[in-house]
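Participant: Let me begin by handing over the structure; questions about it come next.
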Amino acid sequence: MDALTLTNIDQLRQSTTLIGRAHSQVSAHDWRGFLWLDFDLSGLPCSPRAEESQKGYFSGEKNVSGRQLARVSAEKYWETIWSDVFPGNRHTIECFRPAVLATETALELTPAQRKRTVWRIDGGAGSDEQLCWLLERGYHVVAKGLSNRRAEALARQVRRWDPYQDIWLGEVDPPIDYGRPVRVFVKRRFKDGAFCHSYYVFTLALPSKGHFIACYNYRGGAEVEQFRGDKSGLSLEARRKHSFLGQKGYLLLTDLAHNLLADFHHRALVGTRFASYGLKRIVRDLLAIPGRLVFEDGKLVRVELLT
């Protein structure tokens, strides 16, 4: 892996993209419904001597060096659309546009399909510039705003707070012209003896404030299924390469394995007692059981376990 060149990485990415177009569930998405895409960053701590290892933000850790894993996923299908590795001091907002453009290429999204695609992003990529750019390209957004100062200012404009579980939601006028109609909601929650606020920008039409915030909260599934599943089930975090290109190559192979397991889950486990298994349990528990695969006309039709 450490001997990989940039040309090798491009070839590997092209190969995994072609495999995805031919076999992924996303490629067969029914465009009468929206395609939901999640984008986020996750830290990959590594030796400070590794290539492109830099000090940056690594959740729950201080004074740590490493790299940043950027990923676009389709949580509904359990699939990874695109991944890449960046130096550890890169921020979400710097990695977002390359991710969107690479996703358009990987999925060959037409202008009509962009209008049926929803980007669900956290505050790290929720700047006005990024949101306006997405909307200009025809996408829908379910996004948390970047500015905490603006969130506090918008909270003072809320006329009515509606309770939802342990939070309160209020609606305000958009703080800027986003170029398309949007709805803006402010969330209030009580933390450490004081109220704190965040704001969210939506382009979708939904029946209630609760539906809006629930749509945003679903992005947590991407973090659990994609990042944690790969780090624990496919040993992504443990397998650290000194070479930066070597790490990129290993990441692309991990994505291929991830999507293969997602396809296996869809074809073989849905409707069985193993349907609730995530990647870690599939690898650790299920694939360790001896059995046989039954094919008919070149297609997998049944998995027979021998225990």
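Every chain in the structure tokens takes a letter, A first, then B, and so on in the order presented; its residues are numbered from 1, and the ligands are numbered from 1 following the presented order.
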List the neighbours of Met1 of chain A out to 12 Å using only C-alpha atoms; skip same-chain residues closer than 5 positions along the sequence, and give me the result as a list in words.
Facilitator: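 Near Met1 of chain A, the qualifying residues are Leu6, Asn8, Ile9, Leu12, Arg239, Arg240, Lys241, His242, Ser243, Phe244, Leu245, Gly246, Gln247, Lys248, Gly249, Tyr250, Leu251, Leu252 and Leu253 of chain A.
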Participant: Based on DSSP run over this structure's backbone, return all residues of segment 62-283 of chain A in alpha helix (DSSP H), as JSON, numbers by chain.
Facilitator: {"A": [92, 93, 94, 95, 96, 97, 98, 99, 100, 101, 102, 103, 104, 105, 106, 107, 111, 112, 113, 114, 128, 129, 130, 131, 132, 133, 134, 135, 136, 148, 149, 150, 151, 152, 153, 154, 155, 209, 210, 211, 212, 213, 214, 215, 216, 217, 220, 221, 222, 229, 230, 231, 232, 233, 244, 245, 246, 247, 248, 249, 250, 251, 252, 253, 254, 255, 256, 257, 258, 259, 260, 261, 262, 263, 264, 279, 280, 281]}
Participant: If DSSP is run on the backbone, what residues of segment 71-193 of chain A are strand (DSSP E)? A reply as a compact mmCIF listing (two decimals) with N, CA, C and O atoms, in the first residue's frame would be ideal.
Facilitator:
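Writing done, so here's selection_36.txt:
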```
# COMPACT_ATOMS: atom_id res chain seq x y z
N ARG A 71 -16.53 11.95 4.21
CA ARG A 71 -17.34 10.88 3.63
C ARG A 71 -18.73 11.37 3.27
O ARG A 71 -19.34 12.16 3.99
N VAL A 72 -19.21 10.90 2.11
CA VAL A 72 -20.60 11.09 1.70
C VAL A 72 -21.26 9.73 1.71
O VAL A 72 -20.75 8.77 1.12
N SER A 73 -22.39 9.63 2.38
CA SER A 73 -23.06 8.33 2.50
C SER A 73 -24.55 8.47 2.23
O SER A 73 -25.14 9.53 2.41
N ALA A 74 -25.14 7.37 1.78
CA ALA A 74 -26.59 7.26 1.61
C ALA A 74 -27.08 6.32 2.69
O ALA A 74 -27.05 5.09 2.53
N GLU A 79 -24.86 2.68 2.14
CA GLU A 79 -23.75 2.74 1.19
C GLU A 79 -22.90 4.00 1.35
O GLU A 79 -23.42 5.07 1.68
N THR A 80 -21.62 3.84 1.08
CA THR A 80 -20.69 4.95 1.00
C THR A 80 -20.58 5.37 -0.46
O THR A 80 -20.28 4.55 -1.32
N ILE A 81 -20.83 6.65 -0.72
CA ILE A 81 -20.77 7.16 -2.09
C ILE A 81 -19.36 7.63 -2.44
O ILE A 81 -18.86 7.40 -3.54
N TRP A 82 -18.72 8.28 -1.49
CA TRP A 82 -17.39 8.86 -1.74
C TRP A 82 -16.69 9.05 -0.40
O TRP A 82 -17.32 9.39 0.60
N SER A 83 -15.39 8.82 -0.39
CA SER A 83 -14.57 9.08 0.79
C SER A 83 -13.22 9.60 0.33
O SER A 83 -12.75 9.30 -0.76
N ASP A 84 -12.59 10.36 1.21
CA ASP A 84 -11.22 10.79 0.95
C ASP A 84 -10.58 11.16 2.28
O ASP A 84 -11.27 11.38 3.28
N VAL A 85 -9.26 11.21 2.27
CA VAL A 85 -8.49 11.55 3.46
C VAL A 85 -7.83 12.91 3.25
O VAL A 85 -7.29 13.19 2.17
N PHE A 86 -7.89 13.74 4.30
CA PHE A 86 -7.29 15.07 4.26
C PHE A 86 -6.35 15.22 5.44
O PHE A 86 -6.45 14.48 6.43
N PRO A 87 -5.43 16.20 5.39
CA PRO A 87 -4.59 16.47 6.56
C PRO A 87 -5.43 16.77 7.80
O PRO A 87 -6.57 17.25 7.69
N THR A 117 -32.44 15.46 -4.82
CA THR A 117 -31.39 15.06 -3.89
C THR A 117 -31.32 16.04 -2.74
O THR A 117 -31.31 17.26 -2.95
N VAL A 118 -31.27 15.51 -1.52
CA VAL A 118 -31.22 16.33 -0.31
C VAL A 118 -29.87 16.14 0.37
O VAL A 118 -29.49 15.01 0.69
N TRP A 119 -29.15 17.23 0.57
CA TRP A 119 -27.90 17.19 1.34
C TRP A 119 -28.22 17.53 2.79
O TRP A 119 -28.77 18.59 3.09
N ARG A 120 -27.83 16.62 3.67
CA ARG A 120 -28.07 16.81 5.11
C ARG A 120 -26.69 17.04 5.75
O ARG A 120 -25.86 16.12 5.81
N ILE A 121 -26.44 18.26 6.21
CA ILE A 121 -25.09 18.62 6.66
C ILE A 121 -25.15 19.31 8.02
O ILE A 121 -26.15 19.95 8.38
N HIS A 140 -31.66 20.24 -2.72
CA HIS A 140 -32.35 20.59 -1.48
C HIS A 140 -31.35 20.49 -0.33
O HIS A 140 -30.35 19.77 -0.41
N VAL A 141 -31.64 21.21 0.76
CA VAL A 141 -30.75 21.17 1.92
C VAL A 141 -31.55 20.98 3.20
O VAL A 141 -32.67 21.48 3.34
N VAL A 142 -30.97 20.24 4.09
CA VAL A 142 -31.39 20.15 5.49
C VAL A 142 -30.11 20.39 6.27
O VAL A 142 -29.29 19.50 6.42
N ALA A 143 -29.91 21.63 6.70
CA ALA A 143 -28.59 22.03 7.16
C ALA A 143 -28.65 22.82 8.47
O ALA A 143 -29.55 23.63 8.67
N LYS A 144 -27.67 22.57 9.29
CA LYS A 144 -27.46 23.37 10.49
C LYS A 144 -26.58 24.56 10.13
O LYS A 144 -25.57 24.41 9.45
N ASP A 162 -42.29 26.38 20.47
CA ASP A 162 -43.09 25.16 20.61
C ASP A 162 -42.23 24.05 21.18
O ASP A 162 -41.14 23.78 20.66
N PRO A 163 -42.69 23.38 22.25
CA PRO A 163 -41.88 22.31 22.84
C PRO A 163 -41.94 21.02 22.04
O PRO A 163 -42.99 20.63 21.55
N TYR A 164 -40.79 20.37 21.89
CA TYR A 164 -40.67 19.05 21.26
C TYR A 164 -39.69 18.24 22.09
O TYR A 164 -38.48 18.51 22.06
N ILE A 167 -36.55 19.92 23.79
CA ILE A 167 -36.12 21.16 23.14
C ILE A 167 -37.33 22.02 22.82
O ILE A 167 -38.48 21.60 22.98
N TRP A 168 -37.05 23.24 22.36
CA TRP A 168 -38.08 24.15 21.88
C TRP A 168 -37.69 24.61 20.49
O TRP A 168 -36.51 24.82 20.19
N LEU A 169 -38.69 24.77 19.61
CA LEU A 169 -38.44 25.19 18.24
C LEU A 169 -39.25 26.44 17.92
O LEU A 169 -40.42 26.56 18.31
N GLY A 170 -38.63 27.36 17.19
CA GLY A 170 -39.30 28.55 16.71
C GLY A 170 -38.90 28.83 15.28
O GLY A 170 -37.80 28.44 14.84
N GLU A 171 -39.77 29.49 14.52
CA GLU A 171 -39.48 29.81 13.12
C GLU A 171 -39.26 31.30 12.96
O GLU A 171 -39.95 32.12 13.58
N VAL A 172 -38.30 31.67 12.11
CA VAL A 172 -37.98 33.07 11.84
C VAL A 172 -37.83 33.27 10.35
O VAL A 172 -37.74 32.30 9.58
N ARG A 183 -37.03 27.73 4.70
CA ARG A 183 -37.58 27.96 6.03
C ARG A 183 -36.44 27.83 7.03
O ARG A 183 -35.57 26.97 6.89
N VAL A 184 -36.45 28.71 8.02
CA VAL A 184 -35.38 28.75 9.01
C VAL A 184 -36.00 28.53 10.39
O VAL A 184 -36.95 29.24 10.78
N PHE A 185 -35.45 27.57 11.12
CA PHE A 185 -35.92 27.25 12.46
C PHE A 185 -34.79 27.44 13.46
O PHE A 185 -33.61 27.20 13.16
N VAL A 186 -35.16 27.86 14.64
CA VAL A 186 -34.20 28.02 15.73
C VAL A 186 -34.53 26.99 16.81
O VAL A 186 -35.70 26.83 17.19
N LYS A 187 -33.51 26.29 17.25
CA LYS A 187 -33.69 25.30 18.31
C LYS A 187 -33.13 25.85 19.62
O LYS A 187 -32.03 26.37 19.65
N ARG A 188 -33.92 25.73 20.68
CA ARG A 188 -33.48 26.14 22.02
C ARG A 188 -33.41 24.89 22.89
O ARG A 188 -34.31 24.06 22.90
N ARG A 189 -32.32 24.78 23.62
CA ARG A 189 -32.21 23.71 24.60
C ARG A 189 -31.53 24.23 25.86
O ARG A 189 -30.77 25.20 25.82
N PHE A 190 -31.81 23.55 26.96
CA PHE A 190 -31.27 23.96 28.25
C PHE A 190 -30.05 23.13 28.56
O PHE A 190 -30.11 21.89 28.59
N LYS A 191 -28.91 23.78 28.75
CA LYS A 191 -27.66 23.08 28.97
C LYS A 191 -26.82 23.83 29.99
O LYS A 191 -26.59 25.03 29.85
```
Participant: Just the residues within 10 Å of Leu261 of chain A, please, counting only C-alpha atoms, with nothing from its chain fewer than 3 positions along; format it as a PDB file with C-alpha atoms, in the first residue's frame.
Facilitator:
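Everything below was put into selection_28.pdb:
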```
ATOM      1  CA  TRP A  78     -26.058   1.697   4.028  1.00  0.00           C
ATOM      2  CA  GLU A  79     -23.753   2.738   1.192  1.00  0.00           C
ATOM      3  CA  ASP A 255     -15.391   1.590   0.998  1.00  0.00           C
ATOM      4  CA  LEU A 256     -15.577  -1.319  -1.441  1.00  0.00           C
ATOM      5  CA  ALA A 257     -15.826  -3.818   1.427  1.00  0.00           C
ATOM      6  CA  HIS A 258     -18.405  -1.638   3.176  1.00  0.00           C
ATOM      7  CA  PHE A 264     -25.134  -8.572   1.241  1.00  0.00           C
ATOM      8  CA  HIS A 265     -27.364  -7.181   3.983  1.00  0.00           C
ATOM      9  CA  HIS A 266     -29.929  -5.990   1.428  1.00  0.00           C
ATOM     10  CA  ARG A 267     -29.991  -9.219  -0.564  1.00  0.00           C
ATOM     11  CA  GLY A 278     -24.714  -3.771  11.657  1.00  0.00           C
ATOM     12  CA  LEU A 279     -21.384  -4.102   9.890  1.00  0.00           C
ATOM     13  CA  ILE A 282     -22.014  -9.139  10.337  1.00  0.00           C
ATOM     14  CA  VAL A 283     -18.216  -9.412  10.172  1.00  0.00           C
TER      15      VAL A 283
END
```
Participant: For segment 56-69 of chain A, list every protein, DNA or RNA residue within 8 Å, evaluated using only C-alpha atoms, and leave out those in the same chain fewer than 2 positions away; present the list as a VMD selection string.
Facilitator: chain A and resid 41 to 48 52 to 54 71 83 to 90
Participant: Contacts of Leu101 of chain A at 12 Å or less, counting only C-alpha atoms, minus same-chain residues fewer than 6 places along, as a list of chain:residue names?
Facilitator: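 These residues fall inside the cut-off: A:Val72, A:Ile81, A:Trp82, A:Cys95, A:Leu107, A:Glu108, A:Leu109, A:Arg114, A:Trp133, A:Leu134, A:Arg137.
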Participant: For the selection just defined, write its residues with N, CA, C and O atoms to a file, as a PDB file, in the first residue's frame.
Facilitator:
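Once written, selection34.pdb looks like this:
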```pdb
ATOM      1  N   VAL A  72     -19.210  10.901   2.115  1.00  0.00           N
ATOM      2  CA  VAL A  72     -20.599  11.093   1.697  1.00  0.00           C
ATOM      3  C   VAL A  72     -21.264   9.726   1.715  1.00  0.00           C
ATOM      4  O   VAL A  72     -20.751   8.765   1.121  1.00  0.00           O
ATOM      5  N   ILE A  81     -20.833   6.653  -0.724  1.00  0.00           N
ATOM      6  CA  ILE A  81     -20.775   7.158  -2.094  1.00  0.00           C
ATOM      7  C   ILE A  81     -19.363   7.631  -2.440  1.00  0.00           C
ATOM      8  O   ILE A  81     -18.863   7.397  -3.539  1.00  0.00           O
ATOM      9  N   TRP A  82     -18.718   8.278  -1.488  1.00  0.00           N
ATOM     10  CA  TRP A  82     -17.390   8.862  -1.740  1.00  0.00           C
ATOM     11  C   TRP A  82     -16.693   9.050  -0.404  1.00  0.00           C
ATOM     12  O   TRP A  82     -17.320   9.390   0.603  1.00  0.00           O
ATOM     13  N   CYS A  95     -13.649  20.785   2.994  1.00  0.00           N
ATOM     14  CA  CYS A  95     -13.747  19.489   2.308  1.00  0.00           C
ATOM     15  C   CYS A  95     -15.084  19.296   1.612  1.00  0.00           C
ATOM     16  O   CYS A  95     -15.253  18.324   0.859  1.00  0.00           O
ATOM     17  N   LEU A 107     -22.144   9.445  -9.096  1.00  0.00           N
ATOM     18  CA  LEU A 107     -23.537   9.040  -9.333  1.00  0.00           C
ATOM     19  C   LEU A 107     -24.058   9.505 -10.685  1.00  0.00           C
ATOM     20  O   LEU A 107     -25.193   9.170 -11.042  1.00  0.00           O
ATOM     21  N   GLU A 108     -23.249  10.280 -11.404  1.00  0.00           N
ATOM     22  CA  GLU A 108     -23.660  10.834 -12.697  1.00  0.00           C
ATOM     23  C   GLU A 108     -25.017  11.538 -12.579  1.00  0.00           C
ATOM     24  O   GLU A 108     -25.947  11.296 -13.353  1.00  0.00           O
ATOM     25  N   LEU A 109     -25.109  12.440 -11.612  1.00  0.00           N
ATOM     26  CA  LEU A 109     -26.367  13.116 -11.331  1.00  0.00           C
ATOM     27  C   LEU A 109     -26.712  14.110 -12.424  1.00  0.00           C
ATOM     28  O   LEU A 109     -25.912  14.976 -12.783  1.00  0.00           O
ATOM     29  N   ARG A 114     -30.567  16.159  -9.360  1.00  0.00           N
ATOM     30  CA  ARG A 114     -30.129  17.055  -8.289  1.00  0.00           C
ATOM     31  C   ARG A 114     -31.337  17.661  -7.565  1.00  0.00           C
ATOM     32  O   ARG A 114     -31.308  17.864  -6.352  1.00  0.00           O
ATOM     33  N   TRP A 133     -24.413  28.044  -2.712  1.00  0.00           N
ATOM     34  CA  TRP A 133     -23.796  27.282  -3.809  1.00  0.00           C
ATOM     35  C   TRP A 133     -24.561  25.993  -4.080  1.00  0.00           C
ATOM     36  O   TRP A 133     -24.822  25.637  -5.237  1.00  0.00           O
ATOM     37  N   LEU A 134     -24.949  25.286  -3.019  1.00  0.00           N
ATOM     38  CA  LEU A 134     -25.733  24.060  -3.183  1.00  0.00           C
ATOM     39  C   LEU A 134     -27.079  24.352  -3.847  1.00  0.00           C
ATOM     40  O   LEU A 134     -27.513  23.630  -4.757  1.00  0.00           O
ATOM     41  N   ARG A 137     -27.015  24.933  -7.487  1.00  0.00           N
ATOM     42  CA  ARG A 137     -26.823  23.705  -8.262  1.00  0.00           C
ATOM     43  C   ARG A 137     -28.092  22.852  -8.292  1.00  0.00           C
ATOM     44  O   ARG A 137     -28.093  21.766  -8.883  1.00  0.00           O
TER      45      ARG A 137
END
```
Participant: Could you jot down the atom CA of Pro98 of chain A to atom CA of Asp40 of chain A separation for me, Å, one decimal place?
Facilitator: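 Between atom CA of Pro98 of chain A and atom CA of Asp40 of chain A the gap works out to 12.5 Å.
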